[in-house]
>>> print(open('protein-v6.cif').read())   # mmCIF, C-alpha atoms
data_entry
#
loop_
_atom_site.label_atom_id
_atom_site.label_comp_id
_atom_site.auth_asym_id
_atom_site.auth_seq_id
_atom_site.Cartn_x
_atom_site.Cartn_y
_atom_site.Cartn_z
CA MET M 1 66.30 -33.74 -53.39
CA GLN M 2 67.96 -32.86 -50.12
CA LYS M 3 71.53 -33.93 -49.68
CA TYR M 4 71.48 -33.76 -45.88
CA ASN M 5 69.16 -34.24 -42.95
CA THR M 6 71.73 -33.19 -40.40
CA ASN M 7 72.26 -30.60 -37.71
CA LEU M 8 75.76 -30.30 -36.32
CA GLY M 9 76.90 -28.45 -33.19
CA VAL M 10 80.24 -26.63 -33.33
CA ALA M 11 82.11 -25.10 -30.39
CA LEU M 12 84.85 -22.50 -30.94
CA VAL M 13 87.53 -22.18 -28.26
CA GLN M 14 88.93 -18.64 -28.31
CA MET M 15 91.64 -19.10 -25.71
CA HIS M 16 94.28 -16.96 -24.09
CA VAL M 17 97.80 -18.01 -25.17
CA THR M 18 100.84 -17.54 -22.93
CA ASN M 19 104.55 -18.14 -23.42
CA ASP M 20 104.31 -21.40 -21.43
CA LYS M 21 103.36 -24.40 -23.55
CA THR M 22 102.35 -26.51 -20.54
CA VAL M 23 100.01 -23.79 -19.32
CA ASN M 24 98.48 -23.46 -22.78
CA LEU M 25 97.87 -27.19 -23.19
CA THR M 26 96.30 -27.37 -19.74
CA ASN M 27 94.07 -24.40 -20.53
CA ALA M 28 93.06 -25.85 -23.90
CA ILE M 29 92.01 -29.15 -22.30
CA ARG M 30 90.08 -27.26 -19.59
CA LEU M 31 88.22 -25.19 -22.17
CA ILE M 32 87.47 -28.22 -24.36
CA ARG M 33 85.92 -29.94 -21.32
CA THR M 34 83.89 -26.84 -20.51
CA ALA M 35 82.63 -26.59 -24.10
CA VAL M 36 81.55 -30.22 -24.17
CA HIS M 37 79.91 -30.19 -20.74
CA LYS M 38 78.00 -26.97 -21.53
CA TYR M 39 77.00 -27.51 -25.15
CA SER M 40 77.59 -31.18 -26.14
CA PRO M 41 79.02 -30.20 -29.57
CA LYS M 42 79.90 -32.67 -32.29
CA ILE M 43 83.02 -30.64 -33.24
CA VAL M 44 85.33 -28.52 -31.09
CA VAL M 45 87.83 -26.17 -32.76
CA LEU M 46 91.00 -24.62 -31.29
CA PRO M 47 92.83 -21.61 -32.78
CA GLU M 48 96.03 -21.44 -34.80
CA ASN M 49 99.22 -21.50 -32.68
CA PHE M 50 97.18 -22.28 -29.58
CA SER M 51 100.06 -23.86 -27.64
CA PHE M 52 102.67 -21.10 -27.95
CA LEU M 53 103.08 -17.38 -28.46
CA TYR M 54 104.04 -16.39 -31.99
CA ASP M 55 107.81 -16.02 -31.98
CA LYS M 56 110.27 -17.52 -34.43
CA LEU M 57 112.41 -18.79 -31.56
CA ASN M 58 109.37 -20.67 -30.26
CA PHE M 59 108.85 -22.40 -33.61
CA GLU M 60 111.99 -24.48 -33.20
CA LYS M 61 111.61 -24.79 -29.43
CA TYR M 62 108.07 -26.19 -29.49
CA ALA M 63 108.08 -28.14 -32.77
CA GLU M 64 106.71 -31.67 -32.46
CA VAL M 65 106.77 -34.81 -34.57
CA ILE M 66 103.36 -36.16 -35.47
CA PRO M 67 102.12 -38.62 -34.18
CA HIS M 68 104.44 -38.83 -31.18
CA GLY M 69 104.45 -35.31 -29.78
CA GLU M 70 103.01 -34.11 -26.48
CA THR M 71 100.22 -32.09 -28.09
CA TYR M 72 99.19 -34.99 -30.33
CA ILE M 73 98.86 -37.27 -27.30
CA GLU M 74 96.92 -34.71 -25.23
CA LEU M 75 94.45 -33.91 -28.02
CA SER M 76 93.98 -37.53 -29.00
CA ASN M 77 93.22 -38.47 -25.40
CA ILE M 78 90.69 -35.69 -24.79
CA ALA M 79 88.89 -36.36 -28.10
CA LYS M 80 88.56 -40.02 -27.13
CA GLU M 81 87.50 -39.27 -23.56
CA LEU M 82 84.80 -36.77 -24.56
CA ARG M 83 83.80 -38.56 -27.79
CA ILE M 84 84.16 -35.50 -30.01
CA TYR M 85 85.68 -34.49 -33.31
CA LEU M 86 88.51 -32.16 -32.36
CA VAL M 87 90.15 -29.72 -34.78
CA GLY M 88 93.38 -29.08 -32.94
CA GLY M 89 94.08 -25.49 -33.98
CA SER M 90 97.63 -25.64 -35.24
CA ILE M 91 101.06 -26.56 -33.94
CA ILE M 92 104.56 -26.44 -35.40
CA GLU M 93 105.23 -29.86 -36.90
CA ARG M 94 108.76 -31.19 -37.29
CA ASP M 95 109.08 -33.40 -40.35
CA ASP M 96 109.86 -36.90 -39.11
CA ARG M 97 112.20 -37.68 -42.01
CA THR M 98 114.38 -34.61 -42.20
CA LYS M 99 114.10 -33.50 -38.52
CA THR M 100 114.80 -29.96 -39.76
CA ILE M 101 111.81 -28.97 -41.92
CA LEU M 102 108.98 -27.29 -39.98
CA TYR M 103 105.29 -26.86 -40.94
CA ASN M 104 102.33 -25.05 -39.43
CA THR M 105 99.95 -27.99 -39.08
CA THR M 106 96.37 -28.70 -38.00
CA MET M 107 95.49 -32.12 -36.62
CA VAL M 108 91.93 -33.51 -36.57
CA PHE M 109 90.88 -36.34 -34.25
CA ASN M 110 87.69 -38.40 -34.30
CA PRO M 111 85.74 -39.59 -31.22
CA ALA M 112 87.99 -42.65 -30.99
CA GLY M 113 91.02 -40.36 -30.62
CA THR M 114 92.32 -41.35 -34.06
CA LEU M 115 94.07 -38.79 -36.26
CA ILE M 116 91.85 -38.56 -39.35
CA ALA M 117 93.29 -35.47 -41.05
CA LYS M 118 96.45 -33.36 -41.03
CA HIS M 119 96.59 -30.04 -42.87
CA ARG M 120 99.84 -28.17 -43.46
CA LYS M 121 99.39 -24.42 -43.98
CA ILE M 122 99.64 -23.78 -47.73
CA HIS M 123 100.03 -19.99 -47.76
CA LEU M 124 102.67 -18.59 -45.41
CA SER M 125 102.29 -15.08 -44.02
CA ASP M 126 105.05 -13.01 -45.62
CA MET M 127 103.89 -9.42 -45.35
CA GLU M 128 105.01 -5.96 -44.37
CA LEU M 129 102.29 -3.43 -43.63
CA ASP M 130 104.68 -0.69 -42.53
CA THR M 131 108.14 -0.25 -41.06
CA ASP M 132 107.24 -1.58 -37.61
CA PHE M 133 105.08 -4.56 -38.62
CA ASN M 134 106.22 -7.51 -40.68
CA LEU M 135 105.79 -11.27 -40.73
CA ARG M 136 108.12 -13.69 -42.53
CA GLU M 137 106.86 -17.21 -41.85
CA SER M 138 108.76 -18.57 -44.86
CA ASP M 139 112.03 -17.76 -43.12
CA ILE M 140 111.49 -20.81 -40.92
CA LEU M 141 108.45 -22.75 -42.18
CA LYS M 142 107.81 -24.82 -45.31
CA ARG M 143 104.57 -24.53 -47.29
CA GLY M 144 102.08 -27.37 -47.41
CA THR M 145 101.01 -28.60 -50.84
CA THR M 146 97.64 -30.34 -50.48
CA LEU M 147 94.01 -29.59 -49.68
CA THR M 148 92.71 -31.51 -46.67
CA THR M 149 89.22 -32.80 -45.91
CA PHE M 150 87.48 -35.04 -43.39
CA GLU M 151 83.89 -36.17 -42.82
CA VAL M 152 81.52 -35.88 -39.87
CA ASP M 153 78.16 -37.66 -40.19
CA GLY M 154 78.44 -37.53 -43.98
CA ILE M 155 79.30 -33.83 -44.01
CA LYS M 156 82.56 -33.06 -45.82
CA VAL M 157 84.73 -30.43 -44.09
CA GLY M 158 87.68 -28.56 -45.60
CA LEU M 159 90.64 -27.16 -43.67
CA GLY M 160 92.76 -24.04 -43.97
CA ILE M 161 95.01 -22.18 -41.54
CA GLY M 162 95.15 -18.42 -41.09
CA TYR M 163 96.42 -16.81 -44.29
CA ASP M 164 94.91 -19.69 -46.32
CA MET M 165 91.60 -17.86 -45.85
CA SER M 166 92.80 -15.01 -48.06
CA PHE M 167 92.83 -17.18 -51.19
CA GLY M 168 89.44 -17.62 -52.79
CA GLU M 169 90.67 -20.19 -55.31
CA MET M 170 91.46 -22.60 -52.47
CA ALA M 171 87.97 -22.27 -51.00
CA THR M 172 86.40 -22.73 -54.44
CA LEU M 173 88.35 -25.94 -55.00
CA TYR M 174 87.04 -27.25 -51.69
CA ARG M 175 83.46 -26.52 -52.76
CA LYS M 176 84.07 -28.21 -56.12
CA ASN M 177 85.24 -31.26 -54.19
CA GLY M 178 81.99 -31.51 -52.22
CA VAL M 179 82.87 -29.55 -49.08
CA ASP M 180 79.99 -27.88 -47.20
CA MET M 181 81.94 -26.35 -44.31
CA LEU M 182 85.34 -24.70 -44.13
CA ILE M 183 87.24 -24.45 -40.84
CA TYR M 184 90.08 -21.94 -40.49
CA PRO M 185 92.06 -21.98 -37.22
CA SER M 186 93.60 -18.52 -37.46
CA ALA M 187 95.85 -16.14 -35.54
CA TYR M 188 95.27 -12.84 -37.32
CA PRO M 189 97.26 -9.84 -36.04
CA ALA M 190 94.87 -7.27 -34.57
CA ARG M 191 95.66 -4.56 -37.09
CA LEU M 192 95.15 -6.91 -40.05
CA GLY M 193 92.10 -8.52 -38.49
CA LEU M 194 90.47 -5.12 -38.15
CA LEU M 195 90.81 -4.70 -41.92
CA HIS M 196 90.02 -8.16 -43.23
CA TRP M 197 88.75 -10.70 -40.66
CA ASP M 198 84.99 -10.21 -40.84
CA GLN M 199 85.04 -9.66 -44.59
CA LEU M 200 87.12 -12.76 -45.36
CA ASN M 201 84.96 -15.08 -43.26
CA ARG M 202 81.80 -13.77 -44.91
CA VAL M 203 83.03 -13.66 -48.50
CA ARG M 204 84.36 -17.24 -48.35
CA ALA M 205 80.90 -18.34 -47.20
CA ILE M 206 79.02 -16.25 -49.78
CA ASP M 207 81.21 -17.14 -52.76
CA ASN M 208 80.96 -20.86 -52.08
CA GLN M 209 77.56 -21.17 -50.35
CA LEU M 210 78.90 -23.05 -47.36
CA PHE M 211 79.49 -22.60 -43.64
CA VAL M 212 82.75 -20.93 -42.56
CA VAL M 213 84.24 -21.29 -39.09
CA GLY M 214 87.10 -18.96 -38.13
CA VAL M 215 88.72 -19.48 -34.73
CA SER M 216 91.28 -17.05 -33.27
CA PRO M 217 93.29 -16.86 -30.05
CA ALA M 218 92.10 -14.24 -27.57
CA ARG M 219 93.65 -10.79 -27.60
CA ASP M 220 96.50 -9.97 -25.23
CA ASP M 221 97.81 -6.41 -25.48
CA ASN M 222 100.98 -7.32 -23.56
CA THR M 223 102.42 -9.62 -26.23
CA GLU M 224 104.59 -8.67 -29.20
CA LEU M 225 102.03 -9.97 -31.69
CA VAL M 226 98.52 -8.95 -30.59
CA TYR M 227 95.78 -11.23 -31.95
CA TYR M 228 92.45 -9.91 -33.19
CA GLY M 229 90.06 -12.43 -31.64
CA HIS M 230 86.42 -12.19 -32.78
CA SER M 231 86.06 -15.87 -33.70
CA MET M 232 82.94 -16.44 -35.77
CA VAL M 233 80.70 -18.76 -37.75
CA VAL M 234 79.09 -17.59 -41.01
CA ASP M 235 76.30 -19.39 -42.87
CA PRO M 236 76.07 -19.91 -46.67
CA LYS M 237 74.10 -16.68 -47.09
CA GLY M 238 76.86 -14.68 -45.41
CA ARG M 239 74.98 -14.20 -42.14
CA VAL M 240 77.10 -14.19 -38.98
CA LEU M 241 75.57 -16.84 -36.71
CA VAL M 242 77.88 -16.22 -33.76
CA ARG M 243 80.76 -13.79 -33.20
CA GLY M 244 82.98 -13.41 -30.18
CA GLY M 245 84.69 -10.42 -28.64
CA ASP M 246 88.45 -10.25 -28.23
CA ARG M 247 88.88 -12.00 -24.84
CA GLU M 248 88.88 -15.66 -23.86
CA GLU M 249 85.51 -17.32 -24.40
CA ILE M 250 83.72 -20.34 -25.83
CA LEU M 251 81.28 -19.84 -28.69
CA TYR M 252 78.69 -22.33 -29.87
CA THR M 253 76.23 -22.66 -32.72
CA ASP M 254 74.11 -25.41 -34.23
CA LEU M 255 74.44 -25.67 -38.01
CA ASP M 256 71.49 -26.73 -40.19
CA PHE M 257 72.87 -28.39 -43.29
CA GLN M 258 69.42 -28.63 -44.88
CA ASP M 259 69.72 -24.85 -45.13
CA VAL M 260 72.70 -25.38 -47.44
CA ASP M 261 70.54 -27.45 -49.80
CA ARG M 262 67.72 -24.92 -49.79
CA TYR M 263 69.92 -21.92 -50.46
CA ARG M 264 71.91 -23.58 -53.25
CA ALA M 265 68.63 -24.51 -54.96
CA GLN M 266 67.46 -20.89 -54.76
CA ILE M 267 70.65 -19.38 -56.17
CA GLN M 268 72.46 -21.93 -58.32
CA LEU M 269 75.82 -20.23 -58.15
CA PHE M 270 78.09 -23.12 -59.12
CA PRO M 271 75.93 -24.48 -62.00
CA HIS M 272 75.95 -20.93 -63.39
CA LYS M 273 79.75 -20.66 -63.49
CA ARG M 274 81.10 -20.15 -67.02
CA LEU M 275 83.58 -23.01 -67.07
CA ASP M 276 83.88 -22.53 -70.81
CA VAL M 277 85.48 -19.15 -70.03
CA TYR M 278 87.33 -19.75 -66.73
CA ASP M 279 88.03 -22.51 -64.21
CA THR M 280 89.87 -23.25 -60.97
CA ILE M 281 92.02 -26.37 -60.90
CA VAL M 282 94.43 -28.20 -58.58
CA LYS M 283 98.03 -28.51 -59.83
CA TYR M 284 99.83 -31.22 -57.87
#
>>> encode(input="protein-v6.cif", output="structure tokens")
Amino acid sequence: MQKYNTNLGVALVQMHVTNDKTVNLTNAIRLIRTAVHKYSPKIVVLPENFSFLYDKLNFEKYAEVIPHGETYIELSNIAKELRIYLVGGSIIERDDRTKTILYNTTMVFNPAGTLIAKHRKIHLSDMELDTDFNLRESDILKRGTTLTTFEVDGIKVGLGIGYDMSFGEMATLYRKNGVDMLIYPSAYPARLGLLHWDQLNRVRAIDNQLFVVGVSPARDDNTELVYYGHSMVVDPKGRVLVRGGDREEILYTDLDFQDVDRYRAQIQLFPHKRLDVYDTIVKY
């Protein structure tokens, strides 16, 4: 029996990010409008850190309290105006209680402009590839602790941010909880993206037999941290449905969720798991 009879259009906004938050917000709204007017998608997705260039000084400077911040208001208004589900990339969230704790956070708005989900990045990017490249997000950010889902027309969607994509256990838990699409707003450094980006998007889809949407900022070779770009959507078989280049652009694809049912019936991956030998569980 088919679980779904639904097609769902998704637009990916791979936008250029500058050091001016006002310019970035204006550009994001412009590109969201363009995506909706051109494709009429059900969901529009922005990239990680879409409103500011990656710099630890900018984290504190541009942090916002949810739900009262400038970015929250702008995204809520445009989602309501255009009647879309909007996955708002990610911003730096200032904890409303402590005023000092910061998170990397994705906000999701429904067509009424209501915040229906908020995901705080669980895995922070602490890495050193060589002597001239290192990231230490945990120096200034706090880790999120919960998986986050929302629904669109009965389709359950799971959220991750950037480095969250590297952890297969997290994706598997989402699938166990009924998720059929994973969305990862991401800002992969170009040199790391070249190694891992395509492979991670595809393996998350293949391992869990679901759609994966990875959305990156556009590449700018004049910034300290150069992003990889190449936003993409992968289907449950691991096929790349759409893949961008490294410059600013809007990507679109229409997802057939009946295809999820068909493929899972052909290869019954999750029923064949040996839960008597191993398992993946949530501990919180």
>>> closest_residue(input="protein-v6.cif", among="M:Glu128, M:Asp276, M:Glu81, M:Glu93", to="Ile140 in chain M", atoms="all atoms listed in the file")
M:Glu93
>>> resolve_selection(input="protein-v6.cif", expression="the PyMOL selection byres ((chain M and resi 145-152) around 9)", output="compact mmCIF listing (two decimals) with C-alpha atoms, in the frame of the given file")
# COMPACT_ATOMS: atom_id res chain seq x y z
CA LEU M 8 75.76 -30.30 -36.32
CA LYS M 42 79.90 -32.67 -32.29
CA ILE M 43 83.02 -30.64 -33.24
CA TYR M 85 85.68 -34.49 -33.31
CA VAL M 108 91.93 -33.51 -36.57
CA ASN M 110 87.69 -38.40 -34.30
CA ILE M 116 91.85 -38.56 -39.35
CA ALA M 117 93.29 -35.47 -41.05
CA LYS M 118 96.45 -33.36 -41.03
CA HIS M 119 96.59 -30.04 -42.87
CA ARG M 120 99.84 -28.17 -43.46
CA LYS M 121 99.39 -24.42 -43.98
CA ILE M 122 99.64 -23.78 -47.73
CA ARG M 143 104.57 -24.53 -47.29
CA GLY M 144 102.08 -27.37 -47.41
CA ASP M 153 78.16 -37.66 -40.19
CA GLY M 154 78.44 -37.53 -43.98
CA ILE M 155 79.30 -33.83 -44.01
CA LYS M 156 82.56 -33.06 -45.82
CA VAL M 157 84.73 -30.43 -44.09
CA GLY M 158 87.68 -28.56 -45.60
CA LEU M 159 90.64 -27.16 -43.67
CA GLY M 160 92.76 -24.04 -43.97
CA MET M 170 91.46 -22.60 -52.47
CA LEU M 173 88.35 -25.94 -55.00
CA TYR M 174 87.04 -27.25 -51.69
CA VAL M 179 82.87 -29.55 -49.08
CA VAL M 282 94.43 -28.20 -58.58
CA TYR M 284 99.83 -31.22 -57.87
>>> residues_around(input="protein-v6.cif", residues="Glu74 in chain M", least_positions_apart="3", cutoff="12 Å", atoms="all atoms listed in the file", output="ChimeraX atom specification")
/M:22,24-30,32,51,67-71,77-81,86,88,107,109,113-114
>>> axis_aligned_box(input="protein-v6.cif", around="range 216-225 of chain M", padding_each_side="4 Å", output="AutoDock Vina command-line options")
--center_x 97.9 --center_y -11.7 --center_z -28.4 --size_x 21.3 --size_y 18.6 --size_z 17.7
>>> residues_around(input="protein-v6.cif", residues="Lys38 in chain M", least_positions_apart="6", cutoff="10 Å", atoms="all atoms listed in the file", output="number ranges by chain")
M: 11, 32, 250, 252
>>> closest_residue(input="protein-v6.cif", among="M:Ala171, M:Thr100, M:Val212, M:Ala187", to="Pro236 in chain M", atoms="all atoms listed in the file")
M:Val212
>>> resolve_selection(input="protein-v6.cif", expression="the PyMOL selection byres ((chain M and resi 199) around 12)", output="ChimeraX atom specification")
/M:165-166,192-198,200-207,212,214,232,234,238-240
